[in-house]
Amino acid sequence: MKKNVLIKCLVIVGLVLTVSNFAKAQMAQFQALYIYNFAKNINWPAEDAQKELVVTVIGDNELVGELSKLAQTKKIGARKVVVKESATVNGLAKSDIIYLGESKSSNIATLVSNQKGNKTLIVSGKKGHCASGAGVSFVMNGAKLGFEISNNNISTAGLQVSKKLLDLGTEVN
């Protein structure tokens with residue numbers, strides 16, 4: 001009898017872990033698609049038109065994988081997308097977009113400070129980071145992924161965002 005209960009508990013734990021891993025992978029897919037669409041709706045500097053569009057991800061291995069899959073088949077205009085990964089916010093190579101994962105969210109102030117003067121879109125995996133200088137912060141609206149967007153922070157970074165993208169997110173300043 002105890003053996004059957006133990007087996008049932010192990011099966012339930014296994015199912016919960018499987019569903020949890022699936023949900024995490026699915027969230028990374030959605031975030032990758034959002035980031036790709038953010039990139040499409042930013043007016044990047046004309047001098048960068050022939051350069052690769054570099055996306056650096058800090059603290060989210062799942063997202064790196066999903067963005068890398070997209071980068072194999074998608075471009076931003078004529079620009080090839082290159083995905084890089086970093087363990088830290090310090091010493092980053094030039095990036096067009098930097099995603100700061102929720103696990104590294106305590107580093108938002110350092111990241112924003114380090115990127116001052118660069119034409120970089122900072123995207124955060126944590127709600128409320130637009131108040132700390134991010135251009136975009138992911139938020140959960142119930143079970144649906146959404147985003148906050150700060151036109152002021154994006155403009156301060158020397159970039160222009162399309163009205164279409166502003167309308168899709170929740171604009172904060």
# chains A, B, ... in the order shown; residues from 1 in each chain; ligands from 1

$ residues_around --residues "range 105-108 of chain A" --least-positions-apart "5" --cutoff "7 Å" --atoms "only C-alpha atoms" --output "ChimeraX atom specification"
/A:100,126,132

$ residues_around --residues "Ala49 in chain A" --least-positions-apart "3" --cutoff "8 Å" --atoms "only C-alpha atoms" --output "ChimeraX atom specification"
/A:44-46,78-79

$ atom_distance --atom1 "CA of Met140 in chain A" --atom2 "CA of Lys94 in chain A"
29.5 Å

$ select_by_dssp --residues "range 115-159 of chain A" --states "helix (DSSP H, G or I)" --output "PyMOL selection string"
chain A and resi 115+129-132+151-156

$ atom_distance --atom1 "CA of Ile76 in chain A" --atom2 "CA of Asn114 in chain A"
25.1 Å

$ select_by_dssp --residues "chain A" --states "strand (DSSP E)" --output "MDAnalysis selection string"
chainID A and resid 42:43 53:58 75:76 79:86 97:100 121:124 136:141 144:149 160:161 170:171

$ residues_around --residues "range 59-73 of chain A" --least-positions-apart "4" --cutoff "8 Å" --atoms "only C-alpha atoms" --output "ChimeraX atom specification"
/A:24-25,28-29,31-33,80-88,100-104
